[in-house]
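K.L.:
Pasting a structure below so you can have a look.
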Amino acid sequence: MDWGILGYDDHKLDVKELELKYNTSATKGLSEAEASERLLRDGPNALRPPRGTPGCVRFGRQLAGGLQCLMWVAAAICLIAYGVQQGQGDRGSSDNLYLAVALIAVVVVTGCFGYYQEFKSTNIIASFRNLVPQQATVVRAGQVLQVNAAELVVGDLVEIKGGDRVPADIRVLAAQGCKVDNSSLTGESEPQTRSPECTHDSHLETRNIAFFSTMCLEGTATGLVISTGERTVIGRIASLASGVENEKTPIAVEIEHFVDIIAGLAVLFGGTFFVVAMLIGYPFLRALVFFMAIVVAYVPEGLLATVTVCLSLTAKRLARRNCVVKNLEAVETLGSTSVICSDKTGTLTQNRMAVAHLWFDGRVHAADTTEDLSGEAFDQSSPSWSLLSRVISLCNRAQFKPGQDDVPVAQRDVIGDASESALLKFAEATSGPVAAARGRFPKVAELPFNSTNKFQVSVHDAGSQQLLVLKGAPERVPGRCSGALQAGEERPLDAEWRRSLEGACLDLGGRGERVLGFCARWLPAGTVPAGTPPEHLAQVASGLCFAGLVSLIDPPRATVPQAVRKCRTAGIRVIMVTGDHPVTAKAIAAQVGIISEGSETPEDVAERLHLPLEQVRPSQARARVVTGSELAALAPGALEELLRAHPEMVFARTSPQQKLVIVESCQRLGAIVAVTGDGVNDSPALKKADIGVAMGIAGSDAAKNAADMILLDDNFASIVTGVEQGRLIFDNLKKSIAYTLTKNIPELTPYLIYITASVPLPLGCITILFIELCTDIFPSVSLAYERAESDIMHLRPRNPRRDRLVNEPLAAYSYFQIGAIQSFAGFTDYFVAMAQEGWWPYLVLGLRPRWEDAHEQELQDSYGQQWTFEQRRYQQYTCYTVFFISIEMCQIADVLIRKTRRLSLFQQGLFRNRTLLVAIVFQVCIGCFLCYCPGMPNVFNFMPIRFQWWLVPMPFGLLILVYDEIRKLGVRRHPGSWWDRELYY
Amino acid sequence: MAKETTKPFRQSMAEWRQFIYNPTSGEFLGRTAKSWGLILLFYLVFYGFLAALFTFTLWVMLQTLSNDLPKYRDRISSPGLMISPKPDTALEFHFNKSDSQSYAEYVTTLQNFLESYNDSKQSQNIDCTRGKIFDQSEAAVKKACRFNLSDLGPCSGKEDANFGYSKGTPCVLVKMNRIIGLKPEGEPHIQCNPKEEGMVSINYFPRNGAMDLMYFPYYGKNLHAHYLQPLVAVQLAIAPNATKEEITIECKIHGSPNLKNQDDRDKFLGRVAFEVMMSE
């Protein structure tokens, strides 16, 4: 990536030149007026969310899908038919116009709906980002102000301090011990010093520029804003990354695949009957209208809306559990995930240092590393502990921020670096208020930690004595000791003790922990007078008494081991990819279960069998730790080999680029890969992944923009929840789609019979639209609330090539079986309603030409009565309504059977899904409203029908229920049988 | 990621051919012969059962229906009106009174229509009490009331075989649709009004265009096989100045509160409109 930005020389300019260039003052800053003028000119100092497709294009796309195009064609045919009828002087028949308008309305309304859903999901992110407006300290006209960081402009004089996020690209003018964390930009995890001097030609390497959105860890600095918003270095990278097109999600591929099939079938059906109608001798225009009607009947108009609603319901459910989904379809992608490439820091671990172990009295004690300090404490009865704890409290420069007495220790804010904070909290939690202890032992002098000494000393007054305390790297500390504490007594150092110390250091270091040694010495009062220069303390600190070792680690989150175990049972492979040290990575991987108990790396095997490493076969080692340098040396294709050979993989010391390579290799092996990340440089990998998961707290904006999903609590366990919900929604979508597809057959058959048997039309197009978009939407959506049938987290992730959303048995069962039963129900009710009103079945067959003749005002029924055209038309509407009610009654049975695919309805619980029951009631209410609301006959072609016509389809509904129970029984009893293969969808 | 790679055309054709018939596994359209056999047998049984159920349900329903009376008359509470003869195109009479060919079709239609009203055909019909509903619900055999063709006066075809078409006084018969059990109230009669005044004068036969109540109710074609609808003949005397003019005439049933004649949508419910244009 080319970050060398032309004309970027601000780091080489001196203060005067800078003042001139930006027309500002390095002491007083800009004036308010100048600042607001520049804000108008340059725009706010914020990353614009990636410029997505413009709204009108996205809306247009909603209107131009496969099904939508078919609907447009249908509407066009209606309009043509209407126009021709008008041209022939056939007034009064505006049905076709009416239908055309309805079809267009349907496309536009569903398009608006889809657009709105999409818009809303992008909005979630926007609102989330605005939740915490970042504040910046700025000097304007000599006044120090707090302003919203978005209002900063070039030339502003800003102050930053430890804990702040750098609010813009800043040329540092003055700094005191300022360190920044550039890891999100460069991947370096070490804090970087910032100072006013130009130290490097590259503006990325030089020390006098602090970058937008990096974190200031400690110290303070004052600087001039040299670029804002999109023009910052981070802004440029982010806009580069957003240029990468998103690949389609598996569910989008599924739905597209299936919509294509539906559209194809609709055209095929329509075309066939167009030809048949022409052959039978219908005029061209009529045949064209038949084609249109068949398309309208066969296309599931409400399906896409249903899918969108189901997905957004799940997205909402996930948002409540701290997963915010940016792209609705990502919900399901998470469900089909088979590999998770997880970052270590902050995702698997707590992203804070904590005391993990102590070593005193020759034994290792485990400290409590839980987030809320609710774990078990170690044995604190030894007298050695009381001295060690005092040393830990005193030899520490960190302190709690004031005013936090009511806050639990674990949550308090601390001023100081990570290790010292950890020790401070540890001391506070184990041996009471540190501040009180420090009050009793006032500090006389201290030597801070530095990288040459690798230790820290302080001297405290303790009444008649002085106490010198020292902590430092374990290889340095014993040299300054003459004795060691054993059960409260000082013993001279011997070889055995040294061996035991070295063993402890190795052991703790092998767990990836950072080890510190602590020692102390009592001095006579006045040995070190107040104001002694720190350098002198190094000489005083000798002949000390060794108190113990303390080891620190960024401990795993408490919920992670269980979550990893869940992933494992769910057939998902968790791979750790981290920039951290391999030893630490391996230790954490082992603790959270990414490397399971008993699994060995090739190195372990070599050690156990005393073999050279090269002789260890890959199959002997389940686990493998690969470092970035090893990865760089691998031949192409070798990484796939490794991934295949070792089920448990840890990648350490990897660069962001390598992260991308790892993701691509997994994808080449056919896996659906989820990637977690937080840095700017993770954004390519997040984009490349099938689903990118960014961290909400630690994540950079670039990562959040590239990701499909954001974990608000940065917790790996939330991903597992997401996987569970994703799998559930896949199952439930299947049910929902099966439900939705079923009714297309009873909608289609009336036309087929109408054309071939010339009966009066049993079901009108408007009525079909009402079924598709009104009554049946709620039940199909309510299936999204269905519980899982079995423990979905015990199944393997679905194979995207084999386990399709809509498979052959699903279509066959819905169309040819349940759909067929529904059709028979509809026709039974139709013939009953016709016969009871005076039109017997054998008269009805072939009646169509005379029935539809608008000049025929005295058509005789089976009893010799004569009907006008208008009376026949209302009878036809009665048939529509009766057929409609039949479909509705059967669809109630249908939604009940769709609750389960395998279990019996009674095992699943008939009344468990309240939403579904409400939806059924609602569906019946809409049905009643449509039937019995006055004015309906002339508006929507619904007639008030007799009560008993509601009952006619009920036996068929019952048949559906019973038949499906039989199907499920067979599927459960005889897995793998012919029945199972043909009828389990 | 299930990445969509565009396959070469030849490969996808080969895949299709493989799908249609796979020689190695003997699969035709993705199934072996045995598999096809099983699935077709399954659907045969399945649809057989459904068809049987459907037939049975309809058979049961038909058993509950009476041959004589429809179960419901929800859609036909009020009868429609119609005329005879009925021109093919939208009730428009066009004829030349001096050209017998131009109205021959109307005349034949009328003659055929009135055939069943001949006295010879009405031998079994009885003379009923005029002005009273002829209720026979108790009777096992329903009698039909005699309709005397002579009531139609000059439009009966007895006096003028051309039904007045040759004289410029064409006859049009107005009849009311048969509806089982319909008992008109009051004194129903047909009244026709031309749209424009002064072009035509109208005579009714029987007098006042009355439809006698004795012809009601109707008992259905099974029980009431010889039933004859009452007719009203409307004779239009077209004024000499109105030849070659389109005259629109609307006939309505009046005088009966339970016969609708003003429905917004149904232009034939209790009324009928037609056009006459006569040339010389």
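Ordering of the structure tokens sets the chain letters (A, B, ...), residue numbers begin anew at 1 in every chain, and ligands are numbered from 1 in the order given.
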Do me a favour and pick out the residues of chain A within 9 Å of chain B, using only C-alpha atoms, as a PyMOL selection string.

P.N.:
chain A and resi 247-250+253+667-668+670-673+689-690+800-801+816-817+820-821+824-825+827-828+831-832+835-841+855+857-858+860+862-872+874-875+982

K.L.:
Output N, CA and C atoms for every residue in the selection just made, as a tab-separated table (two decimals), in the first residue's frame.

P.N.:
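Result written to part13.tsv:
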chain	number	residue	atom	x	y	z
A	247	GLU	N	-17.88	-9.01	-1.48
A	247	GLU	CA	-18.32	-10.20	-2.18
A	247	GLU	C	-19.68	-10.59	-1.66
A	248	LYS	N	-20.37	-11.39	-2.45
A	248	LYS	CA	-21.73	-11.74	-2.06
A	248	LYS	C	-21.72	-12.70	-0.89
A	249	THR	N	-22.67	-12.55	0.01
A	249	THR	CA	-22.78	-13.45	1.14
A	249	THR	C	-23.41	-14.76	0.66
A	250	PRO	N	-23.15	-15.84	1.39
A	250	PRO	CA	-23.74	-17.12	0.96
A	250	PRO	C	-25.25	-17.05	0.83
A	253	VAL	N	-26.21	-15.45	-2.37
A	253	VAL	CA	-26.02	-16.38	-3.47
A	253	VAL	C	-27.19	-17.35	-3.52
A	667	GLN	N	-10.17	-20.08	2.74
A	667	GLN	CA	-11.26	-20.03	1.78
A	667	GLN	C	-11.00	-20.98	0.62
A	668	ARG	N	-9.72	-21.12	0.26
A	668	ARG	CA	-9.42	-22.06	-0.81
A	668	ARG	C	-9.73	-23.48	-0.40
A	670	GLY	N	-12.27	-24.25	1.06
A	670	GLY	CA	-13.73	-24.38	1.03
A	670	GLY	C	-14.42	-23.90	2.29
A	671	ALA	N	-13.67	-23.27	3.17
A	671	ALA	CA	-14.28	-22.85	4.42
A	671	ALA	C	-14.96	-21.50	4.26
A	672	ILE	N	-15.97	-21.30	5.08
A	672	ILE	CA	-16.56	-19.97	5.21
A	672	ILE	C	-15.87	-19.34	6.42
A	673	VAL	N	-15.18	-18.25	6.20
A	673	VAL	CA	-14.28	-17.74	7.22
A	673	VAL	C	-14.80	-16.46	7.86
A	689	ALA	N	-12.69	-11.58	4.30
A	689	ALA	CA	-13.39	-12.65	4.99
A	689	ALA	C	-14.84	-12.71	4.54
A	690	ASP	N	-15.45	-13.90	4.68
A	690	ASP	CA	-16.86	-14.00	4.36
A	690	ASP	C	-17.66	-13.15	5.31
A	800	PRO	N	-21.88	-25.07	2.12
A	800	PRO	CA	-22.63	-24.18	1.23
A	800	PRO	C	-22.88	-24.77	-0.15
A	801	ARG	N	-22.12	-25.77	-0.54
A	801	ARG	CA	-22.36	-26.35	-1.85
A	801	ARG	C	-23.43	-27.43	-1.81
A	816	PHE	N	-45.67	-30.06	-4.87
A	816	PHE	CA	-46.43	-31.17	-5.42
A	816	PHE	C	-47.26	-31.91	-4.38
A	817	GLN	N	-46.96	-31.66	-3.09
A	817	GLN	CA	-47.74	-32.39	-2.10
A	817	GLN	C	-48.65	-31.46	-1.32
A	820	ALA	N	-50.53	-29.28	-3.64
A	820	ALA	CA	-51.57	-30.02	-4.34
A	820	ALA	C	-52.79	-30.20	-3.45
A	821	ILE	N	-52.55	-30.53	-2.18
A	821	ILE	CA	-53.68	-30.70	-1.25
A	821	ILE	C	-54.46	-29.39	-1.17
A	824	PHE	N	-56.63	-28.88	-4.21
A	824	PHE	CA	-57.85	-29.68	-4.16
A	824	PHE	C	-58.86	-29.06	-3.19
A	825	ALA	N	-58.35	-28.54	-2.07
A	825	ALA	CA	-59.23	-27.88	-1.11
A	825	ALA	C	-59.92	-26.70	-1.77
A	827	PHE	N	-60.47	-26.12	-4.98
A	827	PHE	CA	-61.44	-26.48	-6.02
A	827	PHE	C	-62.69	-27.11	-5.41
A	828	THR	N	-62.51	-27.87	-4.34
A	828	THR	CA	-63.68	-28.43	-3.68
A	828	THR	C	-64.60	-27.30	-3.24
A	831	PHE	N	-66.27	-25.57	-6.26
A	831	PHE	CA	-67.40	-26.29	-6.86
A	831	PHE	C	-68.59	-26.31	-5.91
A	832	VAL	N	-68.32	-26.38	-4.60
A	832	VAL	CA	-69.41	-26.36	-3.64
A	832	VAL	C	-70.14	-25.02	-3.72
A	835	ALA	N	-72.10	-24.84	-6.97
A	835	ALA	CA	-73.26	-25.74	-7.01
A	835	ALA	C	-74.37	-25.24	-6.09
A	836	GLN	N	-73.98	-24.74	-4.93
A	836	GLN	CA	-75.02	-24.32	-3.99
A	836	GLN	C	-75.70	-23.04	-4.44
A	837	GLU	N	-75.04	-22.29	-5.31
A	837	GLU	CA	-75.69	-21.10	-5.85
A	837	GLU	C	-76.41	-21.39	-7.16
A	838	GLY	N	-76.38	-22.65	-7.58
A	838	GLY	CA	-77.17	-22.99	-8.76
A	838	GLY	C	-76.38	-23.44	-9.98
A	839	TRP	N	-75.05	-23.54	-9.87
A	839	TRP	CA	-74.24	-23.94	-11.02
A	839	TRP	C	-73.57	-25.27	-10.72
A	840	TRP	N	-74.14	-26.34	-11.32
A	840	TRP	CA	-73.60	-27.66	-11.01
A	840	TRP	C	-72.30	-27.90	-11.75
A	841	PRO	N	-71.45	-28.78	-11.18
A	841	PRO	CA	-70.12	-28.96	-11.76
A	841	PRO	C	-70.11	-29.24	-13.24
A	855	HIS	N	-72.40	-9.44	-23.13
A	855	HIS	CA	-73.71	-9.17	-23.73
A	855	HIS	C	-74.76	-10.16	-23.26
A	857	GLN	N	-77.09	-11.49	-20.87
A	857	GLN	CA	-77.70	-11.02	-19.63
A	857	GLN	C	-78.73	-12.01	-19.11
A	858	GLU	N	-78.84	-13.16	-19.77
A	858	GLU	CA	-79.88	-14.11	-19.32
A	858	GLU	C	-79.34	-15.53	-19.38
A	860	GLN	N	-78.62	-19.15	-18.31
A	860	GLN	CA	-79.38	-20.06	-17.44
A	860	GLN	C	-78.48	-20.91	-16.58
A	862	SER	N	-78.28	-24.19	-13.58
A	862	SER	CA	-78.75	-25.58	-13.59
A	862	SER	C	-80.23	-25.68	-13.22
A	863	TYR	N	-80.82	-24.62	-12.68
A	863	TYR	CA	-82.21	-24.69	-12.25
A	863	TYR	C	-83.13	-23.88	-13.16
A	864	GLY	N	-82.59	-23.36	-14.26
A	864	GLY	CA	-83.40	-22.60	-15.20
A	864	GLY	C	-83.51	-21.13	-14.84
A	865	GLN	N	-82.83	-20.70	-13.82
A	865	GLN	CA	-82.85	-19.28	-13.49
A	865	GLN	C	-81.93	-18.55	-14.45
A	866	GLN	N	-82.20	-17.25	-14.63
A	866	GLN	CA	-81.40	-16.48	-15.58
A	866	GLN	C	-80.61	-15.41	-14.85
A	867	TRP	N	-79.34	-15.29	-15.23
A	867	TRP	CA	-78.42	-14.39	-14.53
A	867	TRP	C	-77.95	-13.29	-15.45
A	868	THR	N	-77.89	-12.10	-14.95
A	868	THR	CA	-77.27	-11.03	-15.73
A	868	THR	C	-75.75	-11.16	-15.59
A	869	PHE	N	-75.04	-10.43	-16.44
A	869	PHE	CA	-73.57	-10.49	-16.41
A	869	PHE	C	-73.04	-10.04	-15.05
A	870	GLU	N	-73.62	-8.99	-14.56
A	870	GLU	CA	-73.15	-8.42	-13.29
A	870	GLU	C	-73.38	-9.40	-12.15
A	871	GLN	N	-74.52	-10.08	-12.17
A	871	GLN	CA	-74.80	-11.07	-11.13
A	871	GLN	C	-73.79	-12.21	-11.21
A	872	ARG	N	-73.46	-12.60	-12.45
A	872	ARG	CA	-72.44	-13.64	-12.61
A	872	ARG	C	-71.10	-13.16	-12.10
A	874	TYR	N	-70.48	-11.10	-9.67
A	874	TYR	CA	-70.42	-11.19	-8.20
A	874	TYR	C	-70.29	-12.64	-7.76
A	875	GLN	N	-70.92	-13.54	-8.53
A	875	GLN	CA	-70.75	-14.96	-8.22
A	875	GLN	C	-69.29	-15.35	-8.40
A	982	GLU	N	-36.46	-38.58	0.22
A	982	GLU	CA	-37.37	-37.88	-0.69
A	982	GLU	C	-38.19	-36.81	0.02

K.L.:
Extract, using only C-alpha atoms, all DNA, RNA and protein residues at most 7 Å from Val234 (chain B), discarding same-chain residues fewer than 3 positions from it, and format them as a list in words.

P.N.:
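What passes the distance filter is Cys171, Val172, Leu173, Ile202, Asn203, Tyr204 and Phe205 of chain B.
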
K.L.:
Let me make sure I understand: among A:Ser458, A:Ser386, A:Gln350, A:Asn96, which one has the smallest atom-to-atom distance to Asp554 (chain A) if we use only C-alpha atoms?

P.N.:
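Nearest to Asp554 (chain A): A:Gln350.
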
K.L.:
Can you pull out the residues contacting Asn125 (chain B)? Cut-off 7 Å, using only C-alpha atoms, and skip same-chain residues under 5 positions away; I want them as a PyMOL selection string.

P.N.:
chain B and resi 143-146

K.L.:
Keeping N, CA and C atoms for every residue in the selection just given, could you write it to a file as an mmCIF file, in the first residue's frame?

P.N.:
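Saved to result-v6.cif:
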data_model
loop_
_atom_site.group_PDB
_atom_site.id
_atom_site.type_symbol
_atom_site.label_atom_id
_atom_site.label_comp_id
_atom_site.auth_asym_id
_atom_site.auth_seq_id
_atom_site.Cartn_x
_atom_site.Cartn_y
_atom_site.Cartn_z
ATOM 1 N N LYS B 143 -98.374 -26.204 -11.928
ATOM 2 C CA LYS B 143 -99.020 -25.839 -13.195
ATOM 3 C C LYS B 143 -98.408 -24.534 -13.708
ATOM 4 N N ALA B 144 -98.442 -24.408 -15.043
ATOM 5 C CA ALA B 144 -97.996 -23.148 -15.633
ATOM 6 C C ALA B 144 -99.215 -22.356 -16.071
ATOM 7 N N CYS B 145 -99.133 -21.048 -15.962
ATOM 8 C CA CYS B 145 -100.252 -20.194 -16.355
ATOM 9 C C CYS B 145 -100.179 -19.910 -17.851
ATOM 10 N N ARG B 146 -101.367 -19.854 -18.431
ATOM 11 C CA ARG B 146 -101.431 -19.592 -19.857
ATOM 12 C C ARG B 146 -101.102 -18.129 -20.132
#

K.L.:
Can you measure CA of Leu470 (chain A) to CA of Phe455 (chain A) for me? One decimal in Å is fine.

P.N.:
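Here the two named atoms are 6.9 Å from each other.
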
K.L.:
Expressed in Å to a single decimal, how great is the separation between CA of Phe113 (chain B) and CA of Ala237 (chain B)?

P.N.:
22.2 Å

K.L.:
Taking 5 positions as the minimum chain separation for residues in the same chain, which residues sit within 9 Å of Val364 (chain A) when counting only C-alpha atoms? Answer as a list in words.

P.N.:
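Counting only the stated atoms, we get His357, Leu358, Trp359, Ala504, Leu508 and Leu549 of chain A.
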
K.L.:
Which residues are close to Val174 (chain B), i.e. within 12 Å by only C-alpha atoms, leaving aside same-chain residues fewer than 6 positions away? Reply as a count of residues only.

P.N.:
38

K.L.:
Can you tell me which residues surround Gln18 (chain B) at a distance of at most 10 Å, considering only C-alpha atoms, apart from same-chain residues fewer than 3 positions away, and format the answer as a PyMOL selection string?

P.N.:
chain B and resi 12-15+21-24+27-30
